[in-house]
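S.K.: Right, I'll just put the structure down here and ask away after.
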Amino acid sequence: MSVFDARDMDLAVTSNALSKRYPNGVLAVDSIDLHVPRGQVYGLLGPNGAGKTTTLRMLVGLIRPTAGGAIVAGHDAGSSESRRQVGALLDRFGLYPYLSGRDNLRVVARYCGLGDTRVELALEEVGMTRDANRRLGTYSRGMQQRIALAAVLMREPAVVILDEPTNGLDPQGIVDMRMLVREMASSGRTVLLSSHHLSEVEQVCQTVAVVNRGRLVGEGPVSELRGARSLLVKAAPLEPAARVLFALAGPDRVIRREDYLVMTLDGVPVRDISHALTSSGVDILELRQQERSLEEVFFELTSRAEARSA
Amino acid sequence: MIESIRAEWLKTTRRPAVWILLGILIGVLVFLVYVPGWWFFAHGPEGLLPAGTDVQQLKAEYYPQLMVPHFLSTMPGLMGAACLALGVLSLGSDYGWGTLHTITSLPPGRLASLSGRLAVLAALVLALDLLLWAVAGAVALTFAGIDAASPAGPPLQQLIAAIATTWLVCSMWCALGVVLAAAFRQPVVPLAVGLLYMLVIEGLVFNLLGSMGGEGVRDLEKLLPGPNAGALVQAFGHGYVPAGFQAPNALVAAWQAAAAVAAYLLLFCAGTAYLLRRRDLT
C-alpha cells in the first residue's frame, strides 16, 4: 500500500518504509511500516535503543527521515497541517522551569493562537488548578508530567503521541496515566505511545507494533499477536485423552508433551472437552486455560527476527 | 508570526536572567561608569592628573551635553557582551530544557517561531538600550544639578543616531549569541565561545597585534564585527582628550562600519534560520 493511499483510509498514522540513518552511519530506523487505526491506543513496543523515539520524532517532524515517509492525521508528517492535529509528549517534558505551570500552558496556548480559557480548562482536566501558580521547578515529576499533558490536551489534537509516558512515575502516577490514555481514546482520539514496559502496553493498547534494532518485527491487534488461547490437559491415562482431543479439534490443534497435552482452543467450549474426557473414562488431573503473554510474543518475535538477521 | 511573538514575549519577559542582566548593566552604568568618575573629578584630583589637564572639561563629560560620547566610549562593549549572553540564553536554554522540541512540534513551525524569537529579542534590546540611555541621562542631569552646570542635553538628532547605533551594535551581538546557541545546541559552550571571541580574540589579541603595526592585521580587523562596531561608535566623536593623549582613530568610515554591522546582523540571523531548519532535533 502506498503511503499516500492511507490519506483516505481509516488510519490516523501510517508510514511507508520510514527510515533514518544518522550522519554517523547508525541506522536507527529501518524501513518501518506502521498502520495506526483511528481512535485506538496503539503501542510501539521495543527495548531501549530499538528506534521508538526516533520513529515518534519523525512522525512529529523533529527528525527528517532519510528514506520513506509518513502520513499523520491525513497530512505529511511534520507539515504545519499535521502539527495542527498532533499533540506530542516526548521523553522530556519540554517545559520552562522558571515559569509557573499556568504560564507554561499560556506560552503553548499563545503559540497555537488559543485563549486563556483553554488553559484553565486544561489545568482543571489534569487536576493542577490549585498548584498552577507555583514555579514549575518546584513540581514533582508527576506534576510536571501533568502540566505537559495539559499542554497536549489543551490543543484538542486528533492524534496524541506519547513517548514512554510512564517513565519515572510512581505507581499512582502510572495508574493515573493509564486512565488518562484510556479517556483520550474513549473521546475519539488516537493515541500512539511507545514503551518498553510490556505490561503497560498490554493493559492500554488495542494494537501494537514490536520494534527491534530499528526494524518492525510484528504488528497487529494484541489479541491477534497473542494468538488463540490454549488448554493444558493432564489426564490419566494420557493416550485415550489424546484420542478424545484429536476427535474434538483435529490432530493439528493438539500437541503432546511428555506428560500432558496442549490443545488450541478454537471455538470448542472447555465444558464440552471436560465432558468428553470424563465420558470416555479418563481421569482429569488438571485442566487449565493458557494465554500467551505479550512478553512471550515479544521475545518470540524479537528472537525470530534476530535469528533471521544472523 | 504574531502568535510566536506573543509566546516569546511572555516567556522572555518572565525570565529572571533577563532582569538580572538588565540590573547588572544599570548597576555598571551608574556605579562604575558615572559615579566614580564624577566623584574623582569633583573631589580635588589635583596632582593626580598630568599637568595641563582641564578638570572642568573632564567633569563636563558627566553632564547631559556630552552624554553621547561619554556613553559611547564606555557602554557599547558591556552592552554587547550582555546582549550576546541574552541571545545565547534565549535559544541555548530552549535546547537545554528540551523546550525547543515542544515549540517545534507546535503549529507555527521552525522559521515562524524563530522569527518571533528574533523580533522579541530585537524589541528587548531596544528596550534595554532606551532604558540605559534614560538612566545615563537621569544620572548626568543629577550631576549637572549638583554642580550647577547646564542641564542642556545633546542635540536630539545626535542622541537618536546614538541610540540607533547602540541598538544596531547590540542586536548584532545578540544575533551572534543566537547563532552560536544554534550551532552548539546548548547554552554554556556558546556563551564561553562568544565572550572569548568578543573580549579576548577581538578585544585583546587583535588590538595587540594591530598596535604592533601589522598592516595585514589591520586589514583583517576591518572585516570583523567588533572593530566595525567600534568604528561606528567612534564616529560620534570623543570627549575631552588631555594633552599628551591621543584620541583613537576609526578603523573604517562610519557608513562602511554601519553596513558591516548590519550585514553581520543579517548573516547571523540567516545562519540561525539555516541551522534550525536543516538540523534534526534528536
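Labeling convention for the C-alpha cells: chains A, B, ... as they appear, residues from 1 per chain, ligands from 1 in order of appearance.
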Set the distance at 8 Å and use only C-alpha atoms: which residues neighbour Val169 in chain B once local chain neighbours fewer than 5 positions away are removed? I'd like the list as a ChimeraX atom specification.
M.R.: /B:76,80,229,261
S.K.: List every residue of chain A that has an atom at most 7 Å from any atom of chain B, giving for each one its closest atom pair and the distance in Å to one decimal, counting only C-alpha atoms, sorted by chain and then by ascending residue number, as a tab-separated table.
M.R.:
residue	atom	partner	partner_atom	distance
A:Val60	CA	B:Ser105	CA	6.2
A:Gly61	CA	B:Ser105	CA	6.8
A:Leu62	CA	B:Leu281	CA	5.1
A:Ile63	CA	B:Asp280	CA	4.6
A:Arg64	CA	B:Asp280	CA	6.4
A:Ser80	CA	B:Pro107	CA	5.5
A:Arg83	CA	B:Pro107	CA	5.1
A:Arg84	CA	B:Pro107	CA	5.1
A:Arg92	CA	B:Gly98	CA	6.4
A:Gly94	CA	B:Thr99	CA	4.0
A:Leu95	CA	B:Thr99	CA	5.6
A:Tyr96	CA	B:Thr99	CA	6.9
A:Tyr98	CA	B:Arg15	CA	6.6
A:Val107	CA	B:Ala7	CA	4.8
A:Arg110	CA	B:Ala7	CA	5.0
A:Tyr111	CA	B:Glu3	CA	4.9
A:Cys112	CA	B:Pro107	CA	6.3
A:Gly113	CA	B:Glu3	CA	5.7
S.K.: Keeping only N, CA and C atoms, write those residues as a short mmCIF file (atom, residue, chain, number, x, y, z; two decimals), in the first residue's frame.
M.R.:
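Below is the file that was written, selection_12.cif:
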data_model
loop_
_atom_site.label_atom_id
_atom_site.label_comp_id
_atom_site.auth_asym_id
_atom_site.auth_seq_id
_atom_site.Cartn_x
_atom_site.Cartn_y
_atom_site.Cartn_z
N VAL A 60 6.45 13.43 14.37
CA VAL A 60 6.13 14.79 14.84
C VAL A 60 6.82 15.85 13.97
N GLY A 61 7.86 15.44 13.24
CA GLY A 61 8.55 16.39 12.37
C GLY A 61 9.82 16.97 12.98
N LEU A 62 10.27 16.39 14.09
CA LEU A 62 11.51 16.90 14.70
C LEU A 62 12.73 16.32 14.00
N ILE A 63 12.58 15.13 13.46
CA ILE A 63 13.67 14.47 12.74
C ILE A 63 13.18 14.18 11.32
N ARG A 64 14.04 14.47 10.37
CA ARG A 64 13.66 14.20 8.97
C ARG A 64 14.08 12.79 8.58
N SER A 80 2.77 21.68 8.57
CA SER A 80 2.05 22.53 9.53
C SER A 80 0.62 22.00 9.74
N ARG A 83 0.98 19.16 12.17
CA ARG A 83 1.31 19.64 13.52
C ARG A 83 0.08 20.21 14.23
N ARG A 84 -0.82 20.79 13.43
CA ARG A 84 -2.04 21.36 14.00
C ARG A 84 -2.91 20.28 14.67
N ARG A 92 11.31 14.06 27.17
CA ARG A 92 11.47 15.14 28.14
C ARG A 92 10.23 16.00 28.02
N GLY A 94 9.77 19.20 28.19
CA GLY A 94 9.87 20.41 27.38
C GLY A 94 9.09 21.58 27.94
N LEU A 95 9.33 21.86 29.23
CA LEU A 95 8.66 22.98 29.89
C LEU A 95 9.70 23.93 30.47
N TYR A 96 9.28 25.17 30.71
CA TYR A 96 10.21 26.18 31.24
C TYR A 96 10.23 26.11 32.77
N TYR A 98 11.44 28.08 34.99
CA TYR A 98 11.29 29.34 35.73
C TYR A 98 9.87 29.89 35.65
N VAL A 107 2.18 29.91 27.36
CA VAL A 107 3.15 30.02 26.26
C VAL A 107 2.71 29.12 25.10
N ARG A 110 -0.40 30.50 23.42
CA ARG A 110 -0.14 31.64 22.53
C ARG A 110 0.47 31.19 21.21
N TYR A 111 1.39 30.22 21.29
CA TYR A 111 1.96 29.69 20.04
C TYR A 111 0.87 29.14 19.13
N CYS A 112 -0.17 28.56 19.76
CA CYS A 112 -1.23 27.91 18.97
C CYS A 112 -2.41 28.84 18.72
N GLY A 113 -2.32 30.07 19.19
CA GLY A 113 -3.40 31.03 18.97
C GLY A 113 -4.63 30.72 19.82
#
S.K.: Can you check which residues of range 56-266 of chain B DSSP gives as helix (DSSP H, G or I) on the backbone and send them as a PyMOL selection string?
M.R.: chain B and resi 56-60+64-97+99-104+109-146+156-184+188-211+215-221+225-234+254-266
S.K.: Which residue, B:Val233, B:Ala81, B:Phe31, B:Thr74, has the smallest gap to Tyr197 in chain B when you use only C-alpha atoms?
M.R.: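 Checking each of B:Val233, B:Ala81, B:Phe31, B:Thr74 against Tyr197 in chain B, counting only C-alpha atoms, the winner is B:Ala81.
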S.K.: Quick check, in Å to one decimal: how far apart do CA of Val135 in chain B and CA of Leu84 in chain B lie?
M.R.: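 Distance reported for this atom pair: 21.3 Å.
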